[in-house]
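A.B. asks: This is the structure, below, for whatever I ask next.
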Amino acid sequence: MTTIPKEIADSLPKALLEDLKEKVKSLSQTKAKKVMETVHQEYNKARVEPGECVGLVAAESIGEPGTQMTLNTFHFAGVAEMNVTMGLPRIIEILDGRKELKTPMMEIFLKKPYSKGKDIKKLAMNIKETKLNEIVTEFVINVADFIIEAKLNKEKIKDLGMREATLLTILSKEIKGATVKKKEDSLIIKPRGKSDSLNEIYKLKEKIKGTYVRGVKKISQVLPVKRGEEFIIITAGSNLKDILKMEEVDTSRTRTNDIFEISGVLGIEAARQAIIDEVFKVIESQGLNVDVRHIMLVADTMCIEGMVKGITRYGVVSEKASVLARASFETPIKHIINASLVGETDKLSSVVENVMLNQPVPVGTGLPGLITKVK
Amino acid sequence: MSEYTGDYVYKRVESIVFGVLSPKMIKQMSSAKIVTPELYDKEGYPVDGGLMDIRLGVIDPGLKCRICGSKLKECPGHFGYIELARPVMHINFIEIVYNLLRCTCRDCGRVLIPKNKIDKLTQKFNEVENEMGQEARRKAIREEITKLKTINKCPYCKARQQKVTLEKPTTFLENEKRLSPIEVRTRMEKITDEDCLVFGLNPKSVRPEWMVLTILPIPPVTMRPSITLESGERSEDDLTHKLGDIVRINQRLFENINAGAPEIIIEDLWDLLQYHITTFFDNAVAQLPPARHRSGQPLKTISERIKSKEGRIRHNLAGKRTNFSARTVISPDPMLKLNEVGVPKEVAEKITVPERVTEWNMAYLKEFVERGHKKYPGANYIVRPDGKKKKITDETREQLLEELQPGYLVERHVMDGDIAIFNRQPSLHRMSMMCHRIKVLPYKTFRLNPAVCAPYNADFDGDEMNLHVPQTEEARAEAEILMMVQTQLISPRYGLSVIGCVQDGVSGNFILTNNMIKMTRNEAVDLLSSVGVDNFTKLSRKEFVTGADVFSCVLPDDFNFVGKSKSGQPVKIENGKLIEGVMDSANLGGGKGLMLRTLHKNYGADDTIQILEKIFKLGIKTSLKYGFSVAISDSDLPKAAREKINGIMDTAYQEVENLIDRFQRNDLETFPGKSLKETLELKILELLNKARNESGLVVNEFAPKGTATLLMTNSGARGNPLNLAQMAACVGQQAMRGKRIEKGYQGRTLSCFKKDDLSPAAHGFIKKGFKSGLKPHEFFFMGMTGRDSLMDTALRTPKSGYLYRRLANAMQDLKVEYDNTVRDSSKKIIQFDYGEDGMDVSKSEGGIVNVQRIIEETK
């Protein structure tokens, strides 16, 4: 067993060090030493140089292939897949830091024995959000008594495995401003108070149609799928918080594509990783080749404030120190006026400001200064 | 610019402070008071105290500025001012003034926040501003005051507060009664400096009362030059027009006030003045009609000048124009080196390089001057040490030749070997601007090696490119060391070579290494020397040599490489000899070639580019020597194959028929979450795609072997098996938005089909290949998808362009610091180590150190 000299071990990044340790194990002492030295040397050669404007390189690396991505990608390769936004629109969605996604989606992994397919259909049904109009065959407004009568679909309720008593309690909790009672096969919903306009009751009828009855909120579709050896559930709509509470769910692998939700439930580091994964997934699916580093850097700039900020004039760009840099992006007048009120000073420490003033930019070869003054 | 600086002292701007001009400051920085709207007198000389007053700067040749004494182009211009008869609101500050009016006492001017809460709340407001900006701060202040219920009564002087509203754009109302700018100004004056801090205003750079204008600065004439039309008539700038309006109304207002005119007239004029001043700052205020020219076109005033892509900031400040540049059509020349660019003589005679005269190069440079500007390589100008530039003409030539001495500059024509930066728009990545060495050539296009097309994304269907010639030693050195083609070989995006063999270069090498041709040694020597190889030791002494041997001759002697070819076969190079496998796009092509990366790693950029060049040339010469052309017969199929394909198609059609049948009988099992129709569509699509792919396989199996078409697809030079299948057998399903074609008439796609026809043909499946020809409806379906993809491109370009602009703007200031952290311009740490391991993608094997390889290499 050869140990790695401290000065080499200290300077190498963790992943490389582990790799080296693993591979050097079986080598002879002298060869191992040689290998370690070469690795150290090569690593030092491969390091980024100070002054390298990595941000711009990352922007180029993502922006350039952007022109090659398709606008409308529809998943139709596999029959049993959900329709997900892919391609350029998805990248824009992620980098904008949008809170409302076009197609929120989850991949729910399950613990044993459910992952082997036990009760998978039932489980999926339990997850899916059921709304009142799905278990009701007919809504009738009884104008004479001023109530809504909702005829229940017994079969459907049985399918869902619900008892009518529980249904009643859930409904009376969910429907506000009205009382719910049961009468034979129907629910009687009576608005509280004595409003008697037909309009009001009609509105109430439309409103209660979407009342939550059962399942996990916001999950509008479920699809149990066999992936490799195990069964997972793919859903349209995302609700990480509630799904993670379910005991059948394997919490370590279940994921959603909603980055805001991740940042809220699991924290900023998870959100950063999610951005990297999601962007990388899209780029890969388009058959393009971009190194993760670039995506990491973008994700880091988005998450540096402790919350997810989009690459927009309201997000990352508004955080910039320089007035001129902000003004050169969008809404210049607003930025200049606001700067004048505060009496802001632009220190000219980044790129555009110096371009504007015809001065060398402080990146790359513009960075080093001379200690000796040249006359 | 060091060569032109001479004795000038150059200063560097260290910082820029933003603030609001006070009336006092405006007066101080002014050099003239403007009192009359007239511009010129009868002789056409600028009127004193007019808007074109020569104290504001000169725009006419021959005149001298009265303030600084300098001539046209030297005088930067000077500000003037007008005294306004009545104060006027400034449109851009209206929201802030509104907020101040509503949140301060109308009597004593204090903020409507009790003393004991000010500190705590100010802190809170600061936090709000940091997080969400100034607008949010203002909103928060207002909300806080509403909450405190001090809105009606001042906590300091107990005065009752009135409700102030803003009638857009510029009128304030207090209890439905108009609040004149004079009153607004007096209230602003009352606000104390400490209270300004609550609002986030810095009392050093802005006092609230300055937001109400009493005096208006007049921008210098250099900022609004007039244009002399061909007719000799003068056409004034939009700003001058607007200022003329302001001065005129202001004068009238003065006269009316002095004459004691009725209040109504004064009010009207005052409003008019307000309108003009508002549009002077911003001519696109929502509630105001924009001020227009006589022709009806809106005036371009200050805000419009700054704003948007064509505005000052993005057009003139962040993007600049250059001299010493050229642009023309490009065409290919594979005999050029990769890092050369062919420049037409016409261009070379116009673009110059300054060269300083010393004792030692005097004679050399004199030759240039003697040849003058007409004879290539000559010189166009000489520059005296004092910076005076002299043009070399037939008359001045002799005299300048005598005058020339050390310390002078000679601007000589560019010549072979000079450095130039070559660029093609859109410049999406840094490889879109690379440095080449100039090679002066006849004819009128820029010439470049077809292998460098890839990073520029150029082709020769009429593309134009730009050439820039750096003018200083520093710039040249930087361009050469950092931007030369070979330094850009490995892409920072994915760590592979962006430049590789293309087209004939790949197929040629494929033919060569595939041992398809038999070659005598003499022929091989011939071929290699035409490529520029003069070391034939690797060729065997026998009469016949193999292609692999020929190829080996261009490789370095100690080169070892193990890889895979496109088809997955192993490729082995040992001691510079290709002993196994063929060379194809997987190893030679740009963006994939692992062999190129290995070469780069072992021999450095300069050698790699030379080797690559030789490989590329070898490919082309081989193609040239043995001929390479495609024929229609390349896609001919034997009868058996045609029958097989017909069989596949027939069964597919039959199966689709069955599916449709079951669908109509409602006998189809639906996919979860899909409707019956959707399920049918999916199944049909799957079936038809399968049929097409199967026929493709048949084509690949039966297509005549050894044809150029097949060779191209096999080597990866161009095309893929699918293209061949589309020509020979079946074009396949035309899909729009991931579905079969559905649009058109009611219930059908085209009028030649029956209604509700679900058959493949009626929904855009093209059964036959291109060679047998398309039927009219098939042609139409192809046209539809073709149009759809054109639309897709047209819509995508601006979207991805905007995404790129945002990314670039957000991340342009991130750089690696000397302590290896990635930081932005305010020194905030973004990453502690770039990419978590500090490795540069373009300097390593795709961002990793390959331990396995190192172990294998160490002995």
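Within each chain, counting starts at residue 1; across the structure tokens, chains are named A, B, ... in the order shown, with ligands numbered 1 upward in that order.
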Using DSSP on the backbone coordinates, identify the residues of segment 169-208 of chain B assigned to helix (DSSP H, G or I); present them as a PyMOL selection string.
C.D. replies: chain B and resi 181-190+193-198+208
A.B. asks: Using C-alpha atoms, can you write the selected residues to a file as an mmCIF file, in the first residue's frame?
C.D. replies:
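Here's the written file again.cif:
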data_model
loop_
_atom_site.group_PDB
_atom_site.id
_atom_site.type_symbol
_atom_site.label_atom_id
_atom_site.label_comp_id
_atom_site.auth_asym_id
_atom_site.auth_seq_id
_atom_site.Cartn_x
_atom_site.Cartn_y
_atom_site.Cartn_z
ATOM 1 C CA PRO B 181 -44.550 72.889 -9.292
ATOM 2 C CA ILE B 182 -43.748 75.991 -7.211
ATOM 3 C CA GLU B 183 -45.603 74.533 -4.255
ATOM 4 C CA VAL B 184 -44.118 71.130 -4.873
ATOM 5 C CA ARG B 185 -40.704 72.689 -4.856
ATOM 6 C CA THR B 186 -41.245 74.517 -1.578
ATOM 7 C CA ARG B 187 -42.364 71.286 0.015
ATOM 8 C CA MET B 188 -39.322 69.485 -1.317
ATOM 9 C CA GLU B 189 -37.109 72.187 0.133
ATOM 10 C CA LYS B 190 -38.516 71.529 3.565
ATOM 11 C CA ASP B 193 -31.253 65.776 4.891
ATOM 12 C CA GLU B 194 -31.797 63.165 7.600
ATOM 13 C CA ASP B 195 -35.230 62.387 6.245
ATOM 14 C CA CYS B 196 -33.741 61.953 2.776
ATOM 15 C CA LEU B 197 -31.844 58.997 4.159
ATOM 16 C CA VAL B 198 -35.108 57.302 5.070
ATOM 17 C CA PRO B 208 -35.439 66.675 -3.454
#
A.B. asks: Using only C-alpha atoms, I'd like a table of the residues in chain B that come within 6 Å of chain A; for each, show the closest atom pair and its distance in Å rounded to one decimal, ordered by chain and ascending number, as a Markdown table.
C.D. replies:
| residue | atom | partner | partner_atom | distance |
| --- | --- | --- | --- | --- |
| B:Ser15 | CA | A:Lys347 | CA | 4.5 |
| B:Ile16 | CA | A:Asp346 | CA | 5.0 |
| B:Val17 | CA | A:Thr345 | CA | 4.3 |
| B:Phe18 | CA | A:Ser340 | CA | 4.6 |
| B:Gly19 | CA | A:Ser340 | CA | 3.9 |
| B:Val20 | CA | A:Ser340 | CA | 5.7 |
| B:Leu201 | CA | A:Val342 | CA | 5.1 |
| B:Asn202 | CA | A:Val342 | CA | 4.9 |
| B:Ser205 | CA | A:Gly343 | CA | 5.1 |
| B:Val206 | CA | A:Leu341 | CA | 6.0 |
| B:Ile313 | CA | A:Ser328 | CA | 5.9 |
| B:Leu317 | CA | A:Met356 | CA | 4.6 |
| B:Ala318 | CA | A:Met356 | CA | 5.4 |
| B:Leu428 | CA | A:Glu64 | CA | 5.3 |
| B:His429 | CA | A:Glu60 | CA | 5.3 |
| B:Arg493 | CA | A:Ser61 | CA | 5.1 |
| B:Tyr494 | CA | A:Asp291 | CA | 5.2 |
| B:Gly738 | CA | A:Phe74 | CA | 5.7 |
| B:Ser800 | CA | A:Gly66 | CA | 5.5 |
| B:Tyr804 | CA | A:Gly63 | CA | 4.5 |
| B:Leu807 | CA | A:Ala59 | CA | 5.3 |
| B:Ala808 | CA | A:Ala59 | CA | 5.2 |
| B:Ala810 | CA | A:Val317 | CA | 5.3 |
| B:Met811 | CA | A:Gly55 | CA | 4.7 |
| B:Gln812 | CA | A:Leu56 | CA | 4.9 |
| B:Asp813 | CA | A:Ser350 | CA | 5.3 |
| B:Leu814 | CA | A:Gly55 | CA | 4.7 |
| B:Lys815 | CA | A:Cys53 | CA | 4.3 |
| B:Val816 | CA | A:Pro50 | CA | 4.8 |
| B:Glu817 | CA | A:Pro50 | CA | 5.0 |
| B:Tyr818 | CA | A:Pro50 | CA | 5.0 |
| B:Ser825 | CA | A:Ser350 | CA | 5.3 |
| B:Gly835 | CA | A:Arg293 | CA | 4.7 |
| B:Asp837 | CA | A:Pro13 | CA | 5.2 |
| B:Gly838 | CA | A:Arg47 | CA | 5.6 |
| B:Met839 | CA | A:Arg47 | CA | 4.4 |
| B:Asp840 | CA | A:Val48 | CA | 4.8 |
| B:Lys843 | CA | A:Ala46 | CA | 5.0 |
| B:Ser844 | CA | A:Ala46 | CA | 5.3 |
| B:Ile855 | CA | A:Val35 | CA | 5.9 |
A.B. asks: Taking the chain letters and numbering used in this document, name the residues of segment 183-266 of chain A that DSSP puts in strand (DSSP E or B), as number ranges by chain.
C.D. replies: A: 183, 186-191, 212-214, 221-227, 230-236, 249, 255-256
A.B. asks: Find the spatial neighbours of Pro426 of chain B, counting only C-alpha atoms, within a cut-off of 10 Å - ignore same-chain residues fewer than 5 positions away - and output them as a PyMOL selection string.
C.D. replies: (chain A and resi 64) or (chain B and resi 432+456-457+801)
A.B. asks: Please write the residues from the selection above to a file, keeping C-alpha atoms, as a tab-separated table (two decimals), in the first residue's frame.
C.D. replies:
chain	number	residue	atom	x	y	z
A	64	GLU	CA	-23.66	28.82	-28.94
B	432	SER	CA	-15.45	33.04	-34.29
B	456	TYR	CA	-16.48	29.97	-37.97
B	457	ASN	CA	-19.50	27.96	-39.10
B	801	GLY	CA	-29.91	34.98	-29.18
A.B. asks: Would you list the contacts of Val164 of chain B as a count of residues only, taking every protein, DNA or RNA residue within 8 Å and counting only C-alpha atoms, but skipping same-chain residues closer than 4 positions in sequence?
C.D. replies: 6
A.B. asks: What is the distance between atom CA of Ser220 of chain A and atom CA of Ile233 of chain A, in Å to one decimal?
C.D. replies: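 A separation of 12.7 Å between them.
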A.B. asks: Excluding same-chain residues fewer than 6 positions from Lys775 of chain B, what lies within 12 Å of it counting only C-alpha atoms, as a PyMOL selection string?
C.D. replies: chain B and resi 731+752+761+764-769+781-782
A.B. asks: Give me the residues near segment 269-285 of chain B as a PDB file with C-alpha atoms, in the first residue's frame, where near means some atom within 8 Å (using only C-alpha atoms) and where sequence neighbours in that chain fewer than 3 positions away do not count.
C.D. replies:
ATOM      1  CA  ARG B  86     -41.685  79.054 -13.811  1.00  0.00           C
ATOM      2  CA  VAL B  88     -41.307  72.624 -14.127  1.00  0.00           C
ATOM      3  CA  MET B  89     -41.385  68.963 -13.103  1.00  0.00           C
ATOM      4  CA  HIS B  90     -38.757  66.570 -14.378  1.00  0.00           C
ATOM      5  CA  ILE B  91     -40.531  63.579 -15.894  1.00  0.00           C
ATOM      6  CA  ASN B  92     -38.008  60.963 -14.839  1.00  0.00           C
ATOM      7  CA  PRO B 169     -47.993  62.357 -16.403  1.00  0.00           C
ATOM      8  CA  LEU B 239     -32.893  68.086 -29.924  1.00  0.00           C
ATOM      9  CA  LYS B 242     -37.146  70.647 -29.112  1.00  0.00           C
ATOM     10  CA  LEU B 243     -34.911  73.162 -27.360  1.00  0.00           C
ATOM     11  CA  ASP B 245     -39.696  75.100 -28.657  1.00  0.00           C
ATOM     12  CA  ILE B 246     -38.685  75.285 -25.020  1.00  0.00           C
ATOM     13  CA  ILE B 249     -42.418  79.159 -24.914  1.00  0.00           C
ATOM     14  CA  ASN B 250     -40.205  80.168 -22.017  1.00  0.00           C
ATOM     15  CA  ARG B 252     -43.466  83.995 -24.089  1.00  0.00           C
ATOM     16  CA  LEU B 253     -44.136  82.941 -20.532  1.00  0.00           C
ATOM     17  CA  ILE B 265     -52.982  82.436 -20.172  1.00  0.00           C
ATOM     18  CA  ILE B 266     -50.035  81.995 -17.859  1.00  0.00           C
ATOM     19  CA  LEU B 288     -48.622  62.423 -23.783  1.00  0.00           C
ATOM     20  CA  PRO B 289     -48.852  62.667 -27.542  1.00  0.00           C
ATOM     21  CA  PRO B 290     -45.270  62.455 -28.819  1.00  0.00           C
ATOM     22  CA  ALA B 291     -43.811  65.635 -30.259  1.00  0.00           C
ATOM     23  CA  PRO B 298     -41.804  61.485 -33.807  1.00  0.00           C
ATOM     24  CA  LEU B 299     -38.766  63.378 -32.548  1.00  0.00           C
ATOM     25  CA  LYS B 300     -35.875  61.425 -31.103  1.00  0.00           C
ATOM     26  CA  THR B 301     -35.144  63.089 -27.807  1.00  0.00           C
ATOM     27  CA  ILE B 302     -32.774  62.285 -24.961  1.00  0.00           C
ATOM     28  CA  SER B 303     -34.313  59.045 -23.665  1.00  0.00           C
ATOM     29  CA  GLU B 304     -34.707  57.630 -27.159  1.00  0.00           C
TER      30      GLU B 304
END
A.B. asks: With only C-alpha atoms as the counted atoms, please give the residues lying no more than 9 Å from Glu655 of chain B, apart from itself and same-chain residues fewer than 4 positions off, as a list of chain:residue names.
C.D. replies: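 Surrounding residues, per the criterion: B:Asp650, B:Thr651, B:Leu659, B:Ile660, B:Ile684, B:Leu687.
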A.B. asks: Write the residues of the preceding selection, restricted to C-alpha atoms, as a PDB file, in the first residue's frame.
C.D. replies:
ATOM      1  CA  ASP B 650     -47.238  -3.872 -47.685  1.00  0.00           C
ATOM      2  CA  THR B 651     -47.239  -5.568 -44.308  1.00  0.00           C
ATOM      3  CA  LEU B 659     -55.294  -0.962 -36.407  1.00  0.00           C
ATOM      4  CA  ILE B 660     -57.705   1.465 -38.022  1.00  0.00           C
ATOM      5  CA  ILE B 684     -49.480   4.053 -36.439  1.00  0.00           C
ATOM      6  CA  LEU B 687     -45.420   1.118 -37.088  1.00  0.00           C
TER       7      LEU B 687
END
A.B. asks: Which is closest to Tyr114 of chain A among A:Phe260, A:Tyr212, A:Phe231, A:Phe139, if we use only C-alpha atoms?
C.D. replies: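 Under the stated criterion, the closest residue is A:Phe231.
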A.B. asks: Mind pulling up the distance from atom CA of Met105 of chain A to atom CA of Leu240 of chain A?
C.D. replies: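 Atom CA of Leu240 of chain A sits 10.0 Å away from atom CA of Met105 of chain A.
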A.B. asks: Tell me, in Å to one decimal, how far atom CA of Gln569 of chain B is from atom CA of Phe510 of chain B.
C.D. replies: 13.5 Å
